[in-house]
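Quick look at protein.cif (mmCIF, C-alpha atoms):
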data_model
#
loop_
_atom_site.label_atom_id
_atom_site.label_comp_id
_atom_site.auth_asym_id
_atom_site.auth_seq_id
_atom_site.Cartn_x
_atom_site.Cartn_y
_atom_site.Cartn_z
CA MET L 1 229.47 166.22 71.88
CA LEU L 2 227.39 163.03 71.67
CA VAL L 3 223.60 162.89 71.53
CA LYS L 4 221.49 159.81 72.26
CA ASN L 5 218.46 159.76 69.96
CA SER L 6 215.24 157.78 69.97
CA PHE L 7 211.69 158.29 68.69
CA GLY L 8 210.65 161.81 69.70
CA CYS L 9 213.48 162.21 72.19
CA SER L 10 217.11 163.35 72.08
CA VAL L 11 219.32 163.36 75.17
CA ILE L 12 222.52 165.34 75.56
CA PRO L 13 224.44 163.56 78.36
CA ASN L 14 227.19 165.03 80.48
CA PRO L 15 230.39 164.29 78.46
CA LYS L 16 231.89 162.73 81.57
CA MET L 17 229.16 160.09 81.60
CA ILE L 18 229.70 158.70 78.09
CA ASN L 19 232.41 157.31 75.86
CA PRO L 20 233.16 159.37 72.69
CA GLU L 21 233.72 156.09 70.86
CA TRP L 22 230.00 155.33 71.13
CA ILE L 23 229.20 157.62 68.20
CA ASN L 24 227.08 155.86 65.55
CA GLU L 25 226.47 152.92 67.91
CA PHE L 26 222.96 151.55 68.50
CA ARG L 27 221.26 150.62 71.76
CA GLY L 28 218.13 148.85 73.03
CA SER L 29 218.46 145.41 71.40
CA SER L 30 218.49 142.10 73.23
CA LEU L 31 221.43 141.21 70.97
CA ASP L 32 223.59 143.43 73.16
CA ARG L 33 222.83 141.54 76.33
CA ILE L 34 225.35 139.22 77.91
CA LYS L 35 225.23 135.94 76.02
CA ASP L 36 224.71 133.86 79.12
CA GLU L 37 221.79 135.99 80.28
CA LYS L 38 218.48 134.17 80.02
CA ILE L 39 215.98 136.05 77.85
CA PRO L 40 212.34 135.16 78.61
CA THR L 41 210.52 133.84 75.56
CA SER L 42 206.93 134.42 74.57
CA GLU L 43 206.13 130.77 75.32
CA GLU L 44 207.24 130.97 78.92
CA VAL L 45 204.63 131.77 81.52
CA ILE L 46 206.14 134.74 83.30
CA VAL L 47 204.63 134.03 86.67
CA GLU L 48 207.21 133.90 89.42
CA LYS L 49 207.18 130.80 91.59
CA GLU L 50 206.26 131.67 95.11
CA VAL L 51 209.12 131.16 97.54
CA LYS L 52 208.13 129.70 100.89
CA PRO L 53 210.36 130.98 103.71
CA LYS L 54 211.03 128.71 106.65
CA LYS L 55 208.87 130.69 109.04
CA GLU L 56 206.10 132.22 106.97
CA LYS L 57 204.89 132.51 103.42
CA LYS L 58 205.50 135.95 101.98
CA GLU L 59 202.91 137.50 99.72
CA LYS L 60 204.00 137.88 96.12
CA GLN L 61 204.93 141.42 95.14
CA LEU L 62 202.61 143.05 92.62
CA ARG L 63 204.07 144.38 89.37
CA SER L 64 203.17 147.49 87.40
CA LEU L 65 204.46 149.39 84.39
CA SER L 66 206.97 151.99 85.54
CA SER L 67 207.51 155.16 83.53
CA ARG L 68 210.80 153.71 82.30
CA THR L 69 209.12 150.48 81.18
CA LYS L 70 206.34 152.39 79.40
CA SER L 71 208.99 154.35 77.50
CA LYS L 72 210.75 151.12 76.59
CA ILE L 73 207.51 149.61 75.26
CA ARG L 74 206.79 152.75 73.27
CA ARG L 75 210.25 152.65 71.67
CA LYS L 76 209.95 148.95 70.85
CA LEU L 77 206.61 149.53 69.15
CA PHE L 78 207.92 152.40 67.04
CA ALA L 79 210.82 150.16 66.01
CA PHE L 80 208.32 147.42 65.10
CA PHE L 81 206.28 149.88 63.06
CA GLY L 82 209.47 150.68 61.17
CA ILE L 83 209.56 147.08 59.90
CA HIS L 84 205.93 146.58 58.85
CA THR L 85 203.67 149.03 57.05
CA GLN L 86 200.51 147.27 58.21
CA LEU L 87 200.02 145.88 61.70
CA SER L 88 197.01 144.89 63.74
CA PHE L 89 195.87 146.01 67.17
CA LEU L 90 194.20 143.12 68.98
CA THR L 91 192.32 143.19 72.29
CA LEU L 92 191.66 139.85 74.00
CA THR L 93 188.95 139.87 76.68
CA PHE L 94 187.82 137.07 78.98
CA VAL L 95 184.24 135.82 79.11
CA ASN L 96 184.22 135.45 82.89
CA GLN L 97 186.16 136.42 86.00
CA VAL L 98 189.76 135.20 85.80
CA ASN L 99 192.74 135.55 88.14
CA ASP L 100 196.14 136.82 87.03
CA GLU L 101 197.87 133.45 86.76
CA MET L 102 195.08 131.86 84.74
CA SER L 103 194.80 134.84 82.41
CA LEU L 104 198.50 134.57 81.55
CA LYS L 105 198.30 130.80 81.12
CA ILE L 106 195.42 131.19 78.63
CA LEU L 107 197.19 133.97 76.73
CA SER L 108 200.38 131.87 76.49
CA GLY L 109 198.41 128.89 75.17
CA PHE L 110 196.71 131.05 72.56
CA LEU L 111 200.00 132.59 71.38
CA ASP L 112 201.75 129.21 71.29
CA ASN L 113 199.14 127.84 68.91
CA ILE L 114 199.23 130.89 66.62
CA LYS L 115 203.01 130.68 66.47
CA LYS L 116 202.82 127.04 65.37
CA GLN L 117 200.53 128.07 62.52
CA ASP L 118 202.54 131.14 61.51
CA LYS L 119 206.33 130.92 61.99
CA ASP L 120 206.83 134.65 61.46
CA PHE L 121 204.15 135.66 63.96
CA GLN L 122 205.52 138.62 65.95
CA TYR L 123 203.81 140.58 68.69
CA LEU L 124 204.04 142.73 71.79
CA TRP L 125 201.39 142.47 74.49
CA VAL L 126 200.42 144.57 77.49
CA ALA L 127 198.02 143.60 80.28
CA GLU L 128 195.37 146.04 81.47
CA ARG L 129 192.81 146.08 84.27
CA GLN L 130 189.22 146.69 83.17
CA THR L 131 188.37 149.26 85.82
CA LYS L 132 185.09 150.17 84.10
CA ASN L 133 183.90 146.56 83.85
CA LEU L 134 181.08 146.48 86.42
CA THR L 135 180.32 142.78 85.87
CA PHE L 136 183.88 141.50 86.36
CA LYS L 137 185.55 144.29 88.33
CA ASP L 138 189.25 144.77 87.52
CA ASN L 139 189.28 141.73 85.22
CA ILE L 140 192.37 141.56 83.01
CA HIS L 141 192.37 141.89 79.27
CA PHE L 142 195.33 142.02 76.89
CA HIS L 143 196.26 144.49 74.17
CA LEU L 144 198.54 143.23 71.41
CA ILE L 145 200.28 144.78 68.43
CA THR L 146 200.99 142.03 65.88
CA ASN L 147 202.13 141.58 62.30
CA LYS L 148 199.25 139.17 61.63
CA MET L 149 196.11 139.79 59.64
CA TRP L 150 193.54 137.86 61.65
CA ASN L 151 190.74 135.61 60.43
CA ILE L 152 188.28 137.04 62.93
CA LYS L 153 185.69 134.25 62.79
CA LYS L 154 188.32 131.51 63.09
CA HIS L 155 190.55 133.07 65.74
CA TRP L 156 187.67 134.51 67.78
CA LYS L 157 186.32 130.96 68.14
CA TYR L 158 189.76 129.64 69.04
CA TRP L 159 190.25 132.32 71.71
CA LEU L 160 186.94 131.24 73.32
CA ASP L 161 187.93 127.55 73.02
CA VAL L 162 191.23 128.12 74.84
CA GLN L 163 189.32 129.80 77.69
CA THR L 164 186.82 126.93 77.87
CA LYS L 165 189.62 124.33 78.03
CA ASN L 166 190.98 126.15 81.06
CA GLY L 167 187.62 126.35 82.82
CA VAL L 168 186.77 129.95 81.92
CA ILE L 169 183.25 129.81 80.48
CA PRO L 170 180.44 132.38 80.15
CA ARG L 171 177.85 132.40 82.94
CA ASP L 172 175.35 131.74 80.15
CA LYS L 173 176.78 128.82 78.13
CA ASN L 174 175.01 129.99 74.96
CA PHE L 175 176.53 133.47 75.15
CA LYS L 176 179.17 134.15 72.46
CA PRO L 177 180.66 137.59 73.21
CA SER L 178 181.85 139.17 69.97
CA SER L 179 183.81 141.79 71.92
CA ALA L 180 186.12 139.12 73.35
CA PHE L 181 188.24 139.29 70.19
CA ASP L 182 188.53 142.83 68.84
CA VAL L 183 190.82 143.67 65.92
CA LYS L 184 191.77 147.00 64.35
CA LYS L 185 194.18 147.64 61.51
CA VAL L 186 196.95 150.13 62.21
CA ASN L 187 198.79 151.97 59.45
CA SER L 188 202.40 152.42 60.56
CA GLY L 189 202.79 155.28 58.09
CA ASN L 190 200.54 157.38 60.32
CA ALA L 191 203.00 158.20 63.10
CA LYS L 192 200.53 160.45 64.92
CA GLY L 193 197.85 157.76 64.86
CA VAL L 194 200.31 155.18 66.17
CA SER L 195 201.31 157.53 68.96
CA ASN L 196 197.64 157.96 69.95
CA TYR L 197 197.23 154.18 70.23
CA LEU L 198 200.28 153.91 72.45
CA THR L 199 199.21 156.78 74.69
CA LYS L 200 195.69 155.43 75.16
CA TYR L 201 196.49 151.80 75.92
CA ILE L 202 199.98 151.81 77.38
CA THR L 203 201.19 155.05 78.91
CA LYS L 204 197.97 155.47 80.94
CA ASN L 205 198.15 151.89 82.25
CA ASN L 206 198.71 152.00 86.03
CA GLY L 207 197.31 148.59 87.02
CA LYS L 208 199.09 146.14 89.33
CA PHE L 209 199.55 142.47 88.45
CA ARG L 210 200.98 139.24 89.82
CA PHE L 211 203.22 138.93 86.76
CA MET L 212 205.29 141.21 84.55
CA PRO L 213 202.49 142.96 82.63
CA TRP L 214 204.12 143.02 79.21
CA ASN L 215 206.21 140.86 76.89
CA CYS L 216 207.20 140.61 73.25
CA SER L 217 208.40 138.04 70.74
CA LYS L 218 212.13 137.42 70.29
CA LYS L 219 212.49 139.30 67.02
CA ILE L 220 210.91 142.43 68.46
CA SER L 221 213.23 142.22 71.46
CA MET L 222 216.12 142.21 68.96
CA LEU L 223 215.15 145.58 67.48
CA TYR L 224 217.28 148.62 68.30
CA THR L 225 215.53 151.68 69.68
CA SER L 226 218.19 154.40 69.95
CA PHE L 227 221.56 155.50 68.57
CA TYR L 228 224.38 157.91 69.35
CA SER L 229 225.10 160.76 66.94
CA ASP L 230 226.99 164.02 66.85
CA HIS L 231 225.36 167.38 67.65
CA ASN L 232 224.05 167.83 64.10
CA ILE L 233 220.71 166.25 64.96
CA ILE L 234 220.12 168.95 67.60
CA LYS L 235 220.77 171.62 64.98
CA GLN L 236 218.16 170.01 62.72
CA LEU L 237 215.61 170.00 65.53
CA GLU L 238 216.29 173.64 66.38
CA GLU L 239 215.88 174.59 62.71
CA MET L 240 212.50 172.82 62.62
CA GLU L 241 211.50 174.67 65.76
CA ALA L 242 212.64 178.03 64.33
CA GLN L 243 210.47 177.35 61.27
CA LYS L 244 207.56 176.59 63.64
CA LYS L 245 207.25 173.06 62.31
CA ILE L 246 207.62 171.49 65.76
CA LEU L 247 207.62 172.48 69.41
CA ILE L 248 210.45 171.19 71.59
CA LYS L 249 210.05 170.62 75.31
CA ARG L 250 213.39 170.97 77.11
CA VAL L 251 214.03 169.22 80.43
CA LYS L 252 217.20 169.80 82.41
CA GLU L 253 218.34 166.86 84.54
CA ASP L 254 221.38 166.50 86.80
CA TYR L 255 223.45 164.58 84.25
CA CYS L 256 221.83 165.44 80.94
CA ASN L 257 219.57 167.75 78.95
CA VAL L 258 216.51 166.18 77.37
CA LEU L 259 214.71 167.39 74.24
CA LEU L 260 211.19 166.03 73.75
CA TYR L 261 209.41 166.63 70.45
CA PRO L 262 206.51 165.14 68.47
CA TYR L 263 207.34 161.99 66.55
CA ASN L 264 205.56 162.64 63.25
CA GLU L 265 206.14 162.78 59.50
CA ILE L 266 208.44 165.78 59.95
CA THR L 267 210.73 164.25 62.57
CA LYS L 268 210.57 160.58 61.46
CA PRO L 269 213.57 160.93 59.08
CA LEU L 270 215.77 161.67 62.10
CA THR L 271 215.45 158.01 63.12
CA ASN L 272 216.02 156.49 59.67
CA ASP L 273 219.33 155.04 60.85
CA ILE L 274 217.51 152.95 63.48
CA HIS L 275 215.06 151.58 60.92
CA LEU L 276 217.82 150.73 58.43
CA LYS L 277 219.73 148.87 61.14
CA ASN L 278 216.62 146.98 62.21
CA HIS L 279 215.72 146.05 58.64
CA SER L 280 219.11 144.42 58.15
CA ILE L 281 218.74 142.43 61.40
CA TRP L 282 215.13 141.43 60.78
CA PHE L 283 215.60 140.09 57.27
CA GLU L 284 218.91 138.43 58.09
CA LYS L 285 217.04 136.55 60.82
CA ILE L 286 214.41 135.49 58.28
CA LYS L 287 217.15 134.14 55.99
CA GLN L 288 218.64 132.17 58.86
CA GLU L 289 215.25 130.68 59.74
CA GLU L 290 214.57 129.74 56.12
CA ALA L 291 217.98 128.07 55.85
CA LYS L 292 217.19 125.91 58.89
CA SER L 293 213.80 124.80 57.57
#

Is it possible to give me this structure as C-alpha cells?
Amino acid sequence: MLVKNSFGCSVIPNPKMINPEWINEFRGSSLDRIKDEKIPTSEEVIVEKEVKPKKEKKEKQLRSLSSRTKSKIRRKLFAFFGIHTQLSFLTLTFVNQVNDEMSLKILSGFLDNIKKQDKDFQYLWVAERQTKNLTFKDNIHFHLITNKMWNIKKHWKYWLDVQTKNGVIPRDKNFKPSSAFDVKKVNSGNAKGVSNYLTKYITKNNGKFRFMPWNCSKKISMLYTSFYSDHNIIKQLEEMEAQKKILIKRVKEDYCNVLLYPYNEITKPLTNDIHLKNHSIWFEKIKQEEAKS
C-alpha cells in the first residue's frame, strides 16, 4: 500500500489509481514538468493579453486562489522553510489607488532590480485586496516570503521610487508612508508560527484579480513538496495519536482516504526525506550558477 505524504497531510489512494513503482518518488517540482512546457519566470508580467474577438471584446476573466492553489502555496512555503532557517515576511503597500495591471508592473520592476543586486534572491509572493482600507477601497498589496534580510531604509525608499516612476504618488507629495514597506523576520524552526503566517495571509485570501495572484522564483518552483512511501508512516502517525501527541482528522473521499494532522516539531521529522531531496537540488543549483559566473 502506497501513501502520498506532504506537510501535515498523508493520503492513502485507491491502489487502482497509483503505480506501485512510485514508492520513494517525489512530486511537486517544476523539474518534473515536460521540458518543452514554458514555465513563467518572476520577471515576466503575468497579465494575460486581452483577446479581441471579431464581433465584440470579451471582458477578462478574474482570477482567485482556489483551495487547491492555496494548498500548493502552503506546501511550497514549507519546502522553502526547509532550506533556510531565517526568512523574512515582507508586505508591500501602494501609496495611492492602483489598478491590477499597474500594481503587478511595479512589483515586477521592484523584484527585477533586487534580483540584479542579489543573484540568490528567492521569494514567493501573494496578492491581497485591502478590504479594510477605507481610503483606497480594495487596493492591492503584496505579501512576500523571501530569503533576503532587507535594508529597510534603503529598500523602503526604492519601493516608493518605483511607484513614483510609474505615476503612483501620494496625494500629499511630502507624505512618506512608513507602512508601505513592512518587514518581519520569520524563524523557520517554529513550524507552528510559520503555519500561523500562512493561514492568516494566504488561506483566508478570497480576492479576485486580473492576473494570477501568486508567483515564485525559479528555485522555489523546483522544490519538491510530497513523496510516496509505504504504510509505515501511517503507523507512526497512529502511534503519535495513541500517545495523545497529535490529533488526526480523517476525511474519506471517493478515491482516497486523507489524514490531516498538525505540522509541528513532533511531525516535522516525517517529511525529512523531502527536505534532504530539496537540499541536494538547491545547493547543486548554486554550484552550477557559480560555475557559470

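Put simply, the PyMOL selection byres ((chain L and resi 170) around 12) in this file takes in Thr93, Phe94, Val95, Asn96, Gln97, Val98, Thr135, Phe136, Leu160, Asp161, Gln163, Thr164, Gly167, Val168, Ile169, Arg171, Asp172, Lys173, Asn174, Phe175, Lys176, Pro177 and Ala180 of chain L.
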
Surrounding residues of Leu276 of chain L excluding itself and chain neighbours under 5 positions, 9 Å, all atoms listed in the file, as JSON, numbers by chain | {"L": [82, 271, 281]}

Closest to Leu65 of chain L among L:Leu87, L:Leu247, L:Ile114, L:Met212, using all atoms listed in the file?
->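 Comparing L:Leu87, L:Leu247, L:Ile114, L:Met212 against Leu65 of chain L, the winner is L:Met212.
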
Explicit residue set for the PyMOL selection byres ((chain L and resi 208) around 7), as a list in words |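 Given this file, the PyMOL selection byres ((chain L and resi 208) around 7) evaluates to Leu62, Arg63, Ser64, Asn206, Gly207 and Phe209 of chain L.
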
Can you turn the PyMOL selection byres ((chain L and resi 228) around 8) into a concrete residue list for this file, as a ChimeraX atom specification?
-> /L:2-5,22-26,226-227,229-230

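The spacing separating atom CA of Asn278 of chain L from atom CA of Ser10 of chain L amounts to 19.1 Å.
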
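Across the structure, atom CA of Phe181 of chain L and atom CA of Asp138 of chain L are spaced 18.2 Å apart.
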
So, counting only C-alpha atoms, which residue among L:Lys137, L:Glu101, L:Phe80, L:Met222 is closest to Glu284 of chain L?
->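 Between L:Lys137, L:Glu101, L:Phe80, L:Met222, the residue approaching Glu284 of chain L most closely is L:Met222.
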
Please list as a compact mmCIF listing (two decimals) with C-alpha atoms, in the frame of the given file every residue within 9 Å of Asp100 of chain L, counting all atoms listed in the file and excluding residues in the same chain fewer than 4 positions away.
# COMPACT_ATOMS: atom_id res chain seq x y z
CA VAL L 47 204.63 134.03 86.67
CA LEU L 104 198.50 134.57 81.55
CA LYS L 105 198.30 130.80 81.12
CA ASN L 139 189.28 141.73 85.22
CA ILE L 140 192.37 141.56 83.01
CA PHE L 209 199.55 142.47 88.45
CA ARG L 210 200.98 139.24 89.82
CA PHE L 211 203.22 138.93 86.76

What is the atom CA of Lys252 of chain L to atom CA of Gly8 of chain L distance in Å?
->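 It comes out at 16.4 Å.
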
Which one of L:Trp150, L:Phe81, L:Phe283, L:Tyr158 sits closest to Gly109 of chain L if you count only C-alpha atoms?
->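 Going through L:Trp150, L:Phe81, L:Phe283, L:Tyr158 one by one, the smallest distance to Gly109 of chain L is for L:Tyr158.
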
L:Gln288, L:Cys9, L:Pro20, L:Phe121 ranked by distance to Asn264 of chain L, top pick (using all atoms listed in the file) =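 The shortest atom-to-atom distance to Asn264 of chain L comes from L:Cys9.
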
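The residues that lie within 8 Å of the point (223.1, 170.4, 81.7), counting only C-alpha atoms, are Ile12, Pro13, Asn14, Lys252, Glu253, Asp254, Tyr255, Cys256 and Asn257 of chain L.
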
Output file for the selection above: C-alpha atoms, as a compact mmCIF listing (two decimals), keeping the file's coordinate frame:
# COMPACT_ATOMS: atom_id res chain seq x y z
CA ILE L 12 222.52 165.34 75.56
CA PRO L 13 224.44 163.56 78.36
CA ASN L 14 227.19 165.03 80.48
CA LYS L 252 217.20 169.80 82.41
CA GLU L 253 218.34 166.86 84.54
CA ASP L 254 221.38 166.50 86.80
CA TYR L 255 223.45 164.58 84.25
CA CYS L 256 221.83 165.44 80.94
CA ASN L 257 219.57 167.75 78.95

Could you pull the residues within 12 Å of Ile202 of chain L, counting only C-alpha atoms, minus those fewer than 3 positions along the same chain, as an MDAnalysis selection string?
-> chainID L and resid 64:67 69:75 77 124:129 142:145 194:199 205:207 213:214

Residues within 12 Å of segment 111-113 of chain L, all atoms listed in the file, excluding chain neighbours under 2 positions, as a PyMOL selection string | chain L and resi 41-45+92+104-109+115-119+121-125+142+144+146+148+155+158-159+161-162+215-217

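Proximity of L:Ile266, L:Ile234, L:Leu90, L:Met240 to Ser179 of chain L, computed with only C-alpha atoms, is greatest for L:Leu90.
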